[in-house]
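Trainee: Mind looking over this structure? Questions follow.
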Amino acid sequence: MTLTELRYIVAVAREKHFGRAAEACFVSQPTLSVAVKKLEEELDVKIFERGSNEVSVTPLGEDIVRQAQSVIEQASAIKEIAKRGKDPLAGALRLGIIYTIGPYLLPDLVKHAIELFPQMPLMLQENFTVKLLEMLRTGELDAAIMAEPFPDTGLAIAPLYDEPFVVAVPASHPLAKRESISSTELKQETMLLLGTGHCFRDHVLEVCPEFARFSSDAEGIRKSFEGSSLETIKHMVASGMGVTVVPQLSVPKEPQPHLRYIPFTDPAPTRRVVLAWRRTFTRYEAIAALRNAVYACELPGVARLTA
């Protein structure tokens with residue numbers, strides 16, 4: 001049994017496909033398949049059920065894959081311990097971040113990271129929350145910046161900031177002259193939402209549950225459109241297609257001629273942005289340095305959290 005074979009079965013379990021697993025491991029499919037078969041023979045158990053289109057993990061295989069992941073992490077920890085003895089911040093940090101935070105936090109965060117710890121470059125991965133959680137669990141990421149709530153996966157969590165939501169409306173819209181807007185006032189508007197999979201879509205639907213009904217009656221939203229990113233949705237709002245809700249950090253510093261951003265009436269809805277990492281991750285100094293880099297960012301309009 002080798003670490004390489006363990007990495008192969010973890011990849012197959014994750015991808016549920018031998019070809020994709022081989023690509024992820026940068027080896028040929030026959031090489032990976034032979035190694036997996038060899039391990040199954042050595043253990044005298046079947047780890048995978050091989051179907052025509054997809055591979056599934058057997059119940060016993062799930063326990064083996066879970067233990068294999070733990071062994072791989074522990075092996076990596078040995079290298080990390082050695083690195084920490086020389087420089088706790090030496091080497092890249094693999095950081096995940098959700099789509100509705102990345103474009104607005106990363107420019108400032110990367111600048112401060114370069115200034116504070118140039119010896120620890122950030123390897124960045126933007127993705128959905130559910131994917132980032134999976135990548136944290138399998139050790140593909142060291143840490144991730146996400147918005148709560150998300151499933152309790154036994155991760156270590158450090159709060160970063162609470163970020164209020166604001167309403168984006170066309171400059172010509174009657175609401176554009178308002179000082180603030182309540183969520184109930186948006187019932188009659190055409191709402192533009194992020195597509196399924198974005199946690200910020202769920203946050204908006206919690207604030208304004210009427211939007212989830214896609215109702216055509218007078219009590220609900222007339223119509224709903226979906227966009228692939230907040231910036232795309234903002235362009236749709238500017239063109240007059242409807243209104244949307246965005247996080248505070250996505251509001252540009254400079255006024256935009258065709259858009260107005262209106263605060264919610266108190267208490268304004270917010271989301272809590274946190275830094276998450278595996279409890280077995282050994283580079284504690286790297287996590288602390290990353291938090292300090294976040295706190296060094298401007299973060300206009302948000303409530304910083306240091307607990």
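How things are named: the first chain in the structure tokens is A, the next is B, and so on; residues count from 1 in each chain; ligands count from 1 in the order shown.
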Please list as JSON, numbers by chain every residue within 12 Å of Arg178 in chain A, counting only C-alpha atoms and excluding residues in the same chain fewer than 6 positions away.
Mentor: {"A": [167, 168, 169, 171, 172, 185, 260, 261, 262, 263, 264, 265]}
Trainee: Could those residues be written to a file, using all heavy atoms, as a compact mmCIF listing (two decimals), in the first residue's frame?
Mentor:
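The resulting again-v3.txt:
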```txt
# COMPACT_ATOMS: atom_id res chain seq x y z
N VAL A 167 -30.17 47.53 -1.80
CA VAL A 167 -31.00 47.34 -2.98
C VAL A 167 -30.42 48.14 -4.14
O VAL A 167 -30.08 49.32 -3.98
CB VAL A 167 -32.46 47.78 -2.71
CG1 VAL A 167 -33.33 47.52 -3.93
CG2 VAL A 167 -33.02 47.06 -1.49
N ALA A 168 -30.28 47.49 -5.29
CA ALA A 168 -29.82 48.18 -6.50
C ALA A 168 -31.02 48.39 -7.42
O ALA A 168 -31.74 47.44 -7.73
CB ALA A 168 -28.75 47.36 -7.20
N VAL A 169 -31.23 49.65 -7.83
CA VAL A 169 -32.36 49.98 -8.71
C VAL A 169 -31.87 50.85 -9.86
O VAL A 169 -30.83 51.50 -9.76
CB VAL A 169 -33.47 50.73 -7.93
CG1 VAL A 169 -33.96 49.90 -6.75
CG2 VAL A 169 -32.97 52.10 -7.46
N ALA A 171 -31.49 54.09 -12.16
CA ALA A 171 -31.49 55.50 -11.76
C ALA A 171 -32.84 56.16 -12.04
O ALA A 171 -33.21 57.12 -11.36
CB ALA A 171 -30.37 56.24 -12.48
N SER A 172 -33.58 55.65 -13.02
CA SER A 172 -34.87 56.24 -13.38
C SER A 172 -36.03 55.67 -12.58
O SER A 172 -37.18 56.10 -12.74
CB SER A 172 -35.13 56.01 -14.87
OG SER A 172 -35.12 54.61 -15.17
N GLU A 185 -41.55 46.45 0.50
CA GLU A 185 -41.77 47.35 -0.63
C GLU A 185 -41.29 46.75 -1.95
O GLU A 185 -41.60 47.25 -3.02
CB GLU A 185 -41.08 48.69 -0.39
CG GLU A 185 -41.68 49.51 0.73
CD GLU A 185 -40.94 50.81 0.94
OE1 GLU A 185 -39.91 50.80 1.64
OE2 GLU A 185 -41.39 51.84 0.41
N ARG A 260 -28.60 53.10 -8.82
CA ARG A 260 -28.63 53.69 -7.48
C ARG A 260 -28.65 52.55 -6.47
O ARG A 260 -29.32 51.55 -6.68
CB ARG A 260 -29.87 54.57 -7.30
CG ARG A 260 -29.92 55.79 -8.19
CD ARG A 260 -28.86 56.82 -7.82
NE ARG A 260 -28.98 58.01 -8.65
CZ ARG A 260 -28.36 58.16 -9.83
NH1 ARG A 260 -27.60 57.17 -10.31
NH2 ARG A 260 -28.51 59.26 -10.53
N TYR A 261 -27.91 52.73 -5.38
CA TYR A 261 -27.86 51.72 -4.32
C TYR A 261 -28.52 52.31 -3.08
O TYR A 261 -28.07 53.33 -2.55
CB TYR A 261 -26.41 51.33 -4.02
CG TYR A 261 -25.74 50.66 -5.20
CD1 TYR A 261 -24.99 51.39 -6.12
CD2 TYR A 261 -25.86 49.28 -5.40
CE1 TYR A 261 -24.37 50.77 -7.19
CE2 TYR A 261 -25.25 48.66 -6.48
CZ TYR A 261 -24.51 49.42 -7.37
OH TYR A 261 -23.91 48.80 -8.44
N ILE A 262 -29.60 51.68 -2.63
CA ILE A 262 -30.40 52.19 -1.53
C ILE A 262 -30.31 51.24 -0.34
O ILE A 262 -30.53 50.03 -0.50
CB ILE A 262 -31.89 52.32 -1.94
CG1 ILE A 262 -32.03 52.94 -3.34
CG2 ILE A 262 -32.66 53.12 -0.90
CD1 ILE A 262 -31.51 54.35 -3.45
N PRO A 263 -30.00 51.74 0.87
CA PRO A 263 -29.94 50.87 2.05
C PRO A 263 -31.32 50.34 2.41
O PRO A 263 -32.35 50.96 2.07
CB PRO A 263 -29.40 51.79 3.15
CG PRO A 263 -28.86 52.99 2.44
CD PRO A 263 -29.63 53.13 1.18
N PHE A 264 -31.35 49.20 3.08
CA PHE A 264 -32.59 48.71 3.68
C PHE A 264 -32.88 49.52 4.93
O PHE A 264 -31.99 50.06 5.58
CB PHE A 264 -32.45 47.23 4.07
CG PHE A 264 -32.72 46.28 2.94
CD1 PHE A 264 -31.67 45.75 2.20
CD2 PHE A 264 -34.01 45.88 2.62
CE1 PHE A 264 -31.89 44.85 1.17
CE2 PHE A 264 -34.26 44.99 1.60
CZ PHE A 264 -33.20 44.47 0.86
N THR A 265 -34.17 49.60 5.29
CA THR A 265 -34.53 50.21 6.56
C THR A 265 -34.02 49.32 7.69
O THR A 265 -33.88 48.10 7.54
CB THR A 265 -36.06 50.36 6.68
OG1 THR A 265 -36.68 49.08 6.44
CG2 THR A 265 -36.59 51.36 5.68
```
Trainee: Restricting the calculation to only C-alpha atoms: of A:Ala144, A:Val245, A:Asp266, A:Pro149, which residue gets closest to Thr190 in chain A?
Mentor: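 Of the candidates, the smallest distance to Thr190 in chain A is held by A:Val245.
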Trainee: For the structure I just gave you, how does DSSP split range 41-285 of chain A - specifically, which residues are strand (DSSP E)? Reply as a PyMOL selection string.
Mentor: chain A and resi 48-50+55-57+93-98+122-127+143-147+156-170+191-194+224-227+244-247+259-263+270-277
Trainee: Please report, as a PyMOL selection string, each residue of range 7-255 of chain A to which DSSP assigns helix (DSSP H, G or I) when run on this structure's backbone.
Mentor: chain A and resi 7-15+18-25+29-43+59-86+102-116+129-137+174-177+183-186+199-207+209-213+230-238+248-250
Trainee: Report as a list in words all protein, DNA and RNA residues lying within 12 Å of Pro252 in chain A, evaluated on only C-alpha atoms, omitting residues in the same chain fewer than 6 positions from it.
Mentor: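 After dropping sequence-adjacent residues, the list is Pro103, Tyr104, Ala168, Glu231, Lys234, Val246, Leu259, Arg260, Tyr261, Leu299, Pro300 and Gly301 of chain A.
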Trainee: Would you mind telling me which residue in A:Gly61, A:Cys25, A:Leu89, A:Lys83 lies nearest to Ala113 in chain A when using only C-alpha atoms?
Mentor: A:Leu89
Trainee: Pick out the closest residue to Asp108 in chain A from this set: A:Val57, A:Leu194, A:Ala293, A:Ala176. Count only C-alpha atoms.
Mentor: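 Closest residue, counting only C-alpha atoms: A:Ala293.
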Trainee: Can you pull out every residue within 10 Å of Leu133 in chain A, counting only C-alpha atoms, but drop anything in the same chain fewer than 2 positions away, and send it as a VMD selection string?
Mentor: chain A and resid 96 127 to 131 135 to 141 143 to 144 146 150 to 153 155 276 to 278
Trainee: Show me, as an MDAnalysis selection string, the residues that have an atom within 10 Å of Leu160 in chain A when counting only C-alpha atoms, minus same-chain residues fewer than 5 positions from it.
Mentor: chainID A and resid 145:147 272:275 291:292 294:295 302:307
Trainee: Could you name the residues that touch Arg20 in chain A at 12 Å or less, counting only C-alpha atoms, but leaving out those on the same chain fewer than 3 positions away, as an MDAnalysis selection string?
Mentor: chainID A and resid 8 11:17 23:29 32:33 53:55
Trainee: Those same residues, written as a PDB file, in the first residue's frame with N, CA, C and O atoms?
Mentor:
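Okay, this is what ended up in out-v8.pdb:
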```pdb
ATOM      1  N   TYR A   8      -5.095   7.926  -5.315  1.00  0.00           N
ATOM      2  CA  TYR A   8      -5.901   7.494  -6.452  1.00  0.00           C
ATOM      3  C   TYR A   8      -7.324   7.153  -6.023  1.00  0.00           C
ATOM      4  O   TYR A   8      -8.297   7.554  -6.678  1.00  0.00           O
ATOM      5  N   ALA A  11      -9.307  10.212  -5.245  1.00  0.00           N
ATOM      6  CA  ALA A  11      -9.686  10.913  -6.480  1.00  0.00           C
ATOM      7  C   ALA A  11     -10.858  10.221  -7.165  1.00  0.00           C
ATOM      8  O   ALA A  11     -11.789  10.877  -7.653  1.00  0.00           O
ATOM      9  N   VAL A  12     -10.840   8.906  -7.237  1.00  0.00           N
ATOM     10  CA  VAL A  12     -11.939   8.166  -7.866  1.00  0.00           C
ATOM     11  C   VAL A  12     -13.231   8.372  -7.085  1.00  0.00           C
ATOM     12  O   VAL A  12     -14.302   8.580  -7.670  1.00  0.00           O
ATOM     13  N   ALA A  13     -13.136   8.334  -5.762  1.00  0.00           N
ATOM     14  CA  ALA A  13     -14.322   8.553  -4.933  1.00  0.00           C
ATOM     15  C   ALA A  13     -14.895   9.947  -5.149  1.00  0.00           C
ATOM     16  O   ALA A  13     -16.112  10.141  -5.163  1.00  0.00           O
ATOM     17  N   ARG A  14     -14.028  10.927  -5.331  1.00  0.00           N
ATOM     18  CA  ARG A  14     -14.465  12.299  -5.529  1.00  0.00           C
ATOM     19  C   ARG A  14     -15.064  12.504  -6.921  1.00  0.00           C
ATOM     20  O   ARG A  14     -16.128  13.112  -7.073  1.00  0.00           O
ATOM     21  N   GLU A  15     -14.399  11.992  -7.937  1.00  0.00           N
ATOM     22  CA  GLU A  15     -14.834  12.230  -9.314  1.00  0.00           C
ATOM     23  C   GLU A  15     -15.909  11.257  -9.778  1.00  0.00           C
ATOM     24  O   GLU A  15     -16.624  11.543 -10.746  1.00  0.00           O
ATOM     25  N   LYS A  16     -15.983  10.068  -9.097  1.00  0.00           N
ATOM     26  CA  LYS A  16     -16.929   9.019  -9.492  1.00  0.00           C
ATOM     27  C   LYS A  16     -16.735   8.596 -10.941  1.00  0.00           C
ATOM     28  O   LYS A  16     -17.677   8.234 -11.652  1.00  0.00           O
ATOM     29  N   HIS A  17     -15.474   8.667 -11.384  1.00  0.00           N
ATOM     30  CA  HIS A  17     -15.155   8.336 -12.771  1.00  0.00           C
ATOM     31  C   HIS A  17     -13.639   8.118 -12.855  1.00  0.00           C
ATOM     32  O   HIS A  17     -12.854   8.972 -12.420  1.00  0.00           O
ATOM     33  N   GLU A  23      -7.136  12.137 -14.807  1.00  0.00           N
ATOM     34  CA  GLU A  23      -6.770  13.498 -15.221  1.00  0.00           C
ATOM     35  C   GLU A  23      -6.407  14.351 -14.012  1.00  0.00           C
ATOM     36  O   GLU A  23      -5.431  15.116 -14.044  1.00  0.00           O
ATOM     37  N   ALA A  24      -7.195  14.230 -12.940  1.00  0.00           N
ATOM     38  CA  ALA A  24      -6.933  15.023 -11.735  1.00  0.00           C
ATOM     39  C   ALA A  24      -5.605  14.646 -11.093  1.00  0.00           C
ATOM     40  O   ALA A  24      -4.950  15.488 -10.466  1.00  0.00           O
ATOM     41  N   CYS A  25      -5.189  13.384 -11.275  1.00  0.00           N
ATOM     42  CA  CYS A  25      -3.926  12.906 -10.685  1.00  0.00           C
ATOM     43  C   CYS A  25      -2.762  12.989 -11.672  1.00  0.00           C
ATOM     44  O   CYS A  25      -1.637  12.585 -11.340  1.00  0.00           O
ATOM     45  N   PHE A  26      -3.033  13.464 -12.893  1.00  0.00           N
ATOM     46  CA  PHE A  26      -2.004  13.639 -13.926  1.00  0.00           C
ATOM     47  C   PHE A  26      -1.327  12.309 -14.282  1.00  0.00           C
ATOM     48  O   PHE A  26      -0.103  12.235 -14.429  1.00  0.00           O
ATOM     49  N   VAL A  27      -2.137  11.257 -14.386  1.00  0.00           N
ATOM     50  CA  VAL A  27      -1.633   9.955 -14.831  1.00  0.00           C
ATOM     51  C   VAL A  27      -2.598   9.404 -15.871  1.00  0.00           C
ATOM     52  O   VAL A  27      -3.708   9.917 -16.054  1.00  0.00           O
ATOM     53  N   SER A  28      -2.186   8.349 -16.562  1.00  0.00           N
ATOM     54  CA  SER A  28      -3.071   7.718 -17.528  1.00  0.00           C
ATOM     55  C   SER A  28      -4.121   6.904 -16.788  1.00  0.00           C
ATOM     56  O   SER A  28      -3.908   6.449 -15.658  1.00  0.00           O
ATOM     57  N   GLN A  29      -5.273   6.701 -17.455  1.00  0.00           N
ATOM     58  CA  GLN A  29      -6.331   5.919 -16.820  1.00  0.00           C
ATOM     59  C   GLN A  29      -5.892   4.485 -16.540  1.00  0.00           C
ATOM     60  O   GLN A  29      -6.193   3.958 -15.464  1.00  0.00           O
ATOM     61  N   LEU A  32      -3.868   4.403 -13.305  1.00  0.00           N
ATOM     62  CA  LEU A  32      -4.690   4.566 -12.114  1.00  0.00           C
ATOM     63  C   LEU A  32      -5.533   3.327 -11.860  1.00  0.00           C
ATOM     64  O   LEU A  32      -5.646   2.856 -10.719  1.00  0.00           O
ATOM     65  N   SER A  33      -6.144   2.776 -12.902  1.00  0.00           N
ATOM     66  CA  SER A  33      -7.017   1.609 -12.745  1.00  0.00           C
ATOM     67  C   SER A  33      -6.252   0.408 -12.193  1.00  0.00           C
ATOM     68  O   SER A  33      -6.744  -0.298 -11.310  1.00  0.00           O
ATOM     69  N   ASN A  53     -21.477   4.053 -16.674  1.00  0.00           N
ATOM     70  CA  ASN A  53     -21.269   5.494 -16.800  1.00  0.00           C
ATOM     71  C   ASN A  53     -20.678   6.135 -15.553  1.00  0.00           C
ATOM     72  O   ASN A  53     -20.111   7.218 -15.626  1.00  0.00           O
ATOM     73  N   GLU A  54     -20.831   5.468 -14.405  1.00  0.00           N
ATOM     74  CA  GLU A  54     -20.375   6.094 -13.176  1.00  0.00           C
ATOM     75  C   GLU A  54     -19.860   5.051 -12.207  1.00  0.00           C
ATOM     76  O   GLU A  54     -20.304   3.906 -12.217  1.00  0.00           O
ATOM     77  N   VAL A  55     -18.930   5.471 -11.378  1.00  0.00           N
ATOM     78  CA  VAL A  55     -18.357   4.606 -10.351  1.00  0.00           C
ATOM     79  C   VAL A  55     -18.939   5.018  -9.007  1.00  0.00           C
ATOM     80  O   VAL A  55     -19.011   6.209  -8.696  1.00  0.00           O
TER      81      VAL A  55
END
```
Trainee: Name all residues at most 12 Å from Asp202 in chain A (count only C-alpha atoms; drop same-chain ones fewer than 3 positions away) and give them as an MDAnalysis selection string.
Mentor: chainID A and resid 129 147:150 193:199 205:209 211:212 245 271
Trainee: Using all heavy atoms, can you export the residues from the last selection as a short mmCIF file (atom, residue, chain, number, x, y, z; two decimals), in the first residue's frame?
Mentor:
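Result saved to result31.cif:
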```
data_model
loop_
_atom_site.label_atom_id
_atom_site.label_comp_id
_atom_site.auth_asym_id
_atom_site.auth_seq_id
_atom_site.Cartn_x
_atom_site.Cartn_y
_atom_site.Cartn_z
N THR A 129 -20.29 27.41 -2.41
CA THR A 129 -20.03 26.98 -1.03
C THR A 129 -19.92 25.47 -0.93
O THR A 129 -18.99 24.95 -0.29
CB THR A 129 -21.15 27.49 -0.10
OG1 THR A 129 -21.17 28.92 -0.13
CG2 THR A 129 -20.93 27.02 1.33
N ALA A 147 -19.80 32.56 3.36
CA ALA A 147 -20.84 33.23 4.14
C ALA A 147 -21.68 32.19 4.85
O ALA A 147 -22.08 31.17 4.27
CB ALA A 147 -21.72 34.09 3.23
N GLU A 148 -21.94 32.42 6.12
CA GLU A 148 -22.82 31.52 6.87
C GLU A 148 -24.27 31.80 6.48
O GLU A 148 -24.58 32.89 6.00
CB GLU A 148 -22.62 31.74 8.37
CG GLU A 148 -21.29 31.25 8.88
CD GLU A 148 -21.15 31.40 10.39
OE1 GLU A 148 -21.72 32.37 10.94
OE2 GLU A 148 -20.48 30.57 11.01
N PRO A 149 -25.16 30.82 6.66
CA PRO A 149 -24.90 29.50 7.25
C PRO A 149 -24.47 28.49 6.18
O PRO A 149 -24.78 28.65 5.00
CB PRO A 149 -26.26 29.13 7.83
CG PRO A 149 -27.24 29.76 6.88
CD PRO A 149 -26.60 31.06 6.44
N PHE A 150 -23.77 27.46 6.62
CA PHE A 150 -23.49 26.30 5.77
C PHE A 150 -23.44 25.08 6.69
O PHE A 150 -23.34 25.21 7.90
CB PHE A 150 -22.20 26.47 4.96
CG PHE A 150 -21.02 26.96 5.75
CD1 PHE A 150 -20.27 26.10 6.55
CD2 PHE A 150 -20.65 28.30 5.71
CE1 PHE A 150 -19.19 26.55 7.27
CE2 PHE A 150 -19.55 28.76 6.44
CZ PHE A 150 -18.83 27.88 7.21
N LEU A 193 -32.26 37.68 -9.77
CA LEU A 193 -31.58 36.84 -8.79
C LEU A 193 -30.41 36.09 -9.41
O LEU A 193 -30.39 35.84 -10.61
CB LEU A 193 -32.56 35.78 -8.24
CG LEU A 193 -33.77 36.28 -7.45
CD1 LEU A 193 -34.74 35.13 -7.22
CD2 LEU A 193 -33.32 36.87 -6.13
N LEU A 194 -29.46 35.72 -8.58
CA LEU A 194 -28.41 34.81 -9.00
C LEU A 194 -29.01 33.43 -9.23
O LEU A 194 -30.04 33.08 -8.66
CB LEU A 194 -27.31 34.71 -7.94
CG LEU A 194 -26.34 35.88 -7.85
CD1 LEU A 194 -25.46 35.73 -6.62
CD2 LEU A 194 -25.48 35.97 -9.10
N GLY A 195 -28.34 32.64 -10.06
CA GLY A 195 -28.83 31.30 -10.37
C GLY A 195 -28.68 30.35 -9.19
O GLY A 195 -28.00 30.63 -8.20
N THR A 196 -29.33 29.21 -9.30
CA THR A 196 -29.27 28.18 -8.27
C THR A 196 -27.83 27.75 -8.02
O THR A 196 -27.06 27.58 -8.96
CB THR A 196 -30.10 26.97 -8.70
OG1 THR A 196 -31.44 27.39 -8.96
CG2 THR A 196 -30.12 25.91 -7.61
N GLY A 197 -27.50 27.57 -6.76
CA GLY A 197 -26.14 27.16 -6.38
C GLY A 197 -25.41 28.27 -5.65
O GLY A 197 -24.51 28.01 -4.85
N HIS A 198 -25.79 29.52 -5.92
CA HIS A 198 -25.18 30.66 -5.22
C HIS A 198 -25.85 30.81 -3.86
O HIS A 198 -27.07 30.96 -3.78
CB HIS A 198 -25.36 31.96 -6.02
CG HIS A 198 -24.55 32.03 -7.26
ND1 HIS A 198 -23.23 32.44 -7.27
CD2 HIS A 198 -24.86 31.74 -8.55
CE1 HIS A 198 -22.77 32.41 -8.51
NE2 HIS A 198 -23.74 31.99 -9.30
N CYS A 199 -25.06 30.81 -2.79
CA CYS A 199 -25.65 30.95 -1.46
C CYS A 199 -26.26 32.34 -1.29
O CYS A 199 -27.21 32.50 -0.52
CB CYS A 199 -24.61 30.68 -0.37
SG CYS A 199 -23.22 31.83 -0.34
N LEU A 205 -33.51 35.31 -0.76
CA LEU A 205 -34.82 34.71 -0.61
C LEU A 205 -35.24 34.64 0.85
O LEU A 205 -36.43 34.65 1.15
CB LEU A 205 -34.83 33.31 -1.23
CG LEU A 205 -34.67 33.28 -2.76
CD1 LEU A 205 -34.67 31.85 -3.27
CD2 LEU A 205 -35.76 34.08 -3.44
N GLU A 206 -34.28 34.59 1.76
CA GLU A 206 -34.61 34.64 3.19
C GLU A 206 -35.10 36.03 3.57
O GLU A 206 -36.02 36.18 4.38
CB GLU A 206 -33.39 34.28 4.03
CG GLU A 206 -33.03 32.80 4.00
CD GLU A 206 -31.78 32.51 4.81
OE1 GLU A 206 -31.34 33.41 5.56
OE2 GLU A 206 -31.26 31.39 4.69
N VAL A 207 -34.48 37.05 2.99
CA VAL A 207 -34.87 38.43 3.28
C VAL A 207 -36.24 38.73 2.69
O VAL A 207 -37.09 39.37 3.32
CB VAL A 207 -33.82 39.42 2.72
CG1 VAL A 207 -34.30 40.86 2.89
CG2 VAL A 207 -32.49 39.22 3.41
N CYS A 208 -36.45 38.28 1.46
CA CYS A 208 -37.69 38.55 0.74
C CYS A 208 -38.28 37.23 0.25
O CYS A 208 -38.13 36.88 -0.93
CB CYS A 208 -37.44 39.48 -0.44
SG CYS A 208 -36.55 41.00 -0.01
N PRO A 209 -38.91 36.45 1.12
CA PRO A 209 -39.39 35.12 0.73
C PRO A 209 -40.41 35.14 -0.40
O PRO A 209 -40.61 34.13 -1.05
CB PRO A 209 -40.00 34.57 2.03
CG PRO A 209 -40.23 35.76 2.90
CD PRO A 209 -39.18 36.76 2.52
N PHE A 211 -40.11 36.33 -3.21
CA PHE A 211 -39.45 36.12 -4.50
C PHE A 211 -39.40 34.64 -4.86
O PHE A 211 -39.32 34.29 -6.03
CB PHE A 211 -38.02 36.67 -4.47
CG PHE A 211 -37.94 38.13 -4.17
CD1 PHE A 211 -36.77 38.68 -3.66
CD2 PHE A 211 -39.02 38.97 -4.38
CE1 PHE A 211 -36.69 40.04 -3.38
CE2 PHE A 211 -38.95 40.31 -4.09
CZ PHE A 211 -37.78 40.85 -3.59
N ALA A 212 -39.44 33.78 -3.87
CA ALA A 212 -39.33 32.35 -4.14
C ALA A 212 -40.58 31.79 -4.78
O ALA A 212 -40.57 30.71 -5.37
CB ALA A 212 -39.03 31.60 -2.85
N VAL A 245 -30.83 42.75 -5.08
CA VAL A 245 -30.22 42.95 -3.77
C VAL A 245 -28.77 42.50 -3.86
O VAL A 245 -28.49 41.44 -4.42
CB VAL A 245 -30.97 42.14 -2.67
CG1 VAL A 245 -30.24 42.26 -1.33
CG2 VAL A 245 -32.41 42.62 -2.55
N ARG A 271 -25.19 39.38 6.07
CA ARG A 271 -24.63 38.04 6.03
C ARG A 271 -23.31 38.06 6.81
O ARG A 271 -22.61 39.07 6.83
CB ARG A 271 -24.38 37.56 4.60
CG ARG A 271 -23.31 38.33 3.85
CD ARG A 271 -23.04 37.68 2.49
NE ARG A 271 -22.05 38.42 1.71
CZ ARG A 271 -21.65 38.07 0.49
NH1 ARG A 271 -22.15 36.98 -0.08
NH2 ARG A 271 -20.75 38.79 -0.17
#
```
Trainee: Quick one, how far is CA of Met241 in chain A from CA of Leu175 in chain A?
Mentor: 14.3 Å
Trainee: With distances taken over only C-alpha atoms, which residue among A:Met1, A:Met120, A:Leu132, A:Ile181 lies nearest Glu42 in chain A?
Mentor: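 Among the listed residues, the smallest separation from Glu42 in chain A belongs to A:Met1.
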